[in-house]
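What follows is one structure encoded as structure tokens, with my remarks underneath.
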Amino acid sequence: MADRLTQLQDAVNSLADQFCNAIGVLQQCAPPASFSNIQTTINKDQPSNPTEEYAQLFAALIARTAKDVDVLIDSLPSEESTAALQAASLRQLEEENHEAATRLEEVVNRGDMLLEKIQSALADIAQSQLRTRSGAPSHMTP
């Protein structure tokens with residue numbers, strides 16, 4: 001996952017692409033205009049212009065991307081965020097990380113102990129089955 005500035009840059013680039021595409025499609029679909037007695041017959045054989053549909057589509061895309069840009073801008077650190085506040089935030093994150101690492105270590109240790117118990121029980125079961133198959137009396141070991 002990219003950092004917020006890269007996401008913001010990507011969103012702005014996407015917005016620029018959408019603007020360019022919208023202008024290109026609207027130019028392509030726009031009906032010809034007359035300029036003082038000059039008549040053109042470009043695009044006469046094309047079906048009806050879906051310009052309104054394209055305009056709505058690009059308006060929705062552009063509006064959504066602009067909202068994404070606003071959200072990304074709002075998520076950036078503010079100017080009021082001083083070095084001291086950032087350092088305090090980092091210390092808090094380091095403490096939380098240390099606590100999580102301690103909890104993880106405890107869980108791994110418990111998992112290792114359970115694994116040893118399971119392996120021991122499986123070994124006992126295997127020994128018991130071997131003794132049973134060989135006809136030897138089974139001895140229960142604690």
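The chains in the structure tokens are called A, B, ... from first to last as shown; in each chain the residues are counted from 1, and the ligands are counted from 1 in the order shown.
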
Legend entry - Those of chain A in DSSP alpha helix (DSSP H), formatted as a ChimeraX atom specification: /A:4-29,51-75,83-134

Inset, instruction - Pick out the closest residue to Gln28 of chain A from this set: A:Arg110, A:Tyr54, A:Gln7, A:Ala121. Count only C-alpha atoms. - result: A:Tyr54

Inset, instruction - Go ahead and compute the interatomic distance for atom CA of Asp74 of chain A and atom CA of Ile62 of chain A, in Å to one decimal. - result: 18.3 Å

Inset, instruction - Excluding Gln18 of chain A and residues on its chain fewer than 5 positions from it, collect all residues at most 10 Å away from it, counting only C-alpha atoms, and give them as an MDAnalysis selection string. - result: chainID A and resid 12:13 23:24 58:59 61:62 65

Would you mind exporting N, CA and C atoms of the selected residues as a PDB file, in the first residue's frame?
ATOM      1  N   VAL A  12      -4.747  12.863  -7.958  1.00  0.00           N
ATOM      2  CA  VAL A  12      -4.685  14.092  -8.766  1.00  0.00           C
ATOM      3  C   VAL A  12      -4.413  13.727 -10.225  1.00  0.00           C
ATOM      4  N   ASN A  13      -3.518  12.763 -10.464  1.00  0.00           N
ATOM      5  CA  ASN A  13      -3.257  12.314 -11.834  1.00  0.00           C
ATOM      6  C   ASN A  13      -4.512  11.716 -12.459  1.00  0.00           C
ATOM      7  N   ILE A  23     -13.003  16.111 -21.850  1.00  0.00           N
ATOM      8  CA  ILE A  23     -12.913  17.129 -22.898  1.00  0.00           C
ATOM      9  C   ILE A  23     -12.818  16.470 -24.268  1.00  0.00           C
ATOM     10  N   GLY A  24     -12.020  15.400 -24.362  1.00  0.00           N
ATOM     11  CA  GLY A  24     -11.883  14.713 -25.641  1.00  0.00           C
ATOM     12  C   GLY A  24     -13.189  14.107 -26.121  1.00  0.00           C
ATOM     13  N   PHE A  58     -18.910  11.641 -16.780  1.00  0.00           N
ATOM     14  CA  PHE A  58     -17.656  12.286 -16.413  1.00  0.00           C
ATOM     15  C   PHE A  58     -17.830  13.210 -15.204  1.00  0.00           C
ATOM     16  N   ALA A  59     -18.996  13.826 -15.075  1.00  0.00           N
ATOM     17  CA  ALA A  59     -19.241  14.669 -13.897  1.00  0.00           C
ATOM     18  C   ALA A  59     -19.210  13.814 -12.629  1.00  0.00           C
ATOM     19  N   LEU A  61     -17.641  10.857 -12.240  1.00  0.00           N
ATOM     20  CA  LEU A  61     -16.260  10.400 -12.022  1.00  0.00           C
ATOM     21  C   LEU A  61     -15.392  11.509 -11.437  1.00  0.00           C
ATOM     22  N   ILE A  62     -15.515  12.682 -12.001  1.00  0.00           N
ATOM     23  CA  ILE A  62     -14.696  13.808 -11.537  1.00  0.00           C
ATOM     24  C   ILE A  62     -15.076  14.194 -10.114  1.00  0.00           C
ATOM     25  N   THR A  65     -13.678  11.539  -7.696  1.00  0.00           N
ATOM     26  CA  THR A  65     -12.225  11.654  -7.555  1.00  0.00           C
ATOM     27  C   THR A  65     -11.857  12.899  -6.769  1.00  0.00           C
TER      28      THR A  65
END
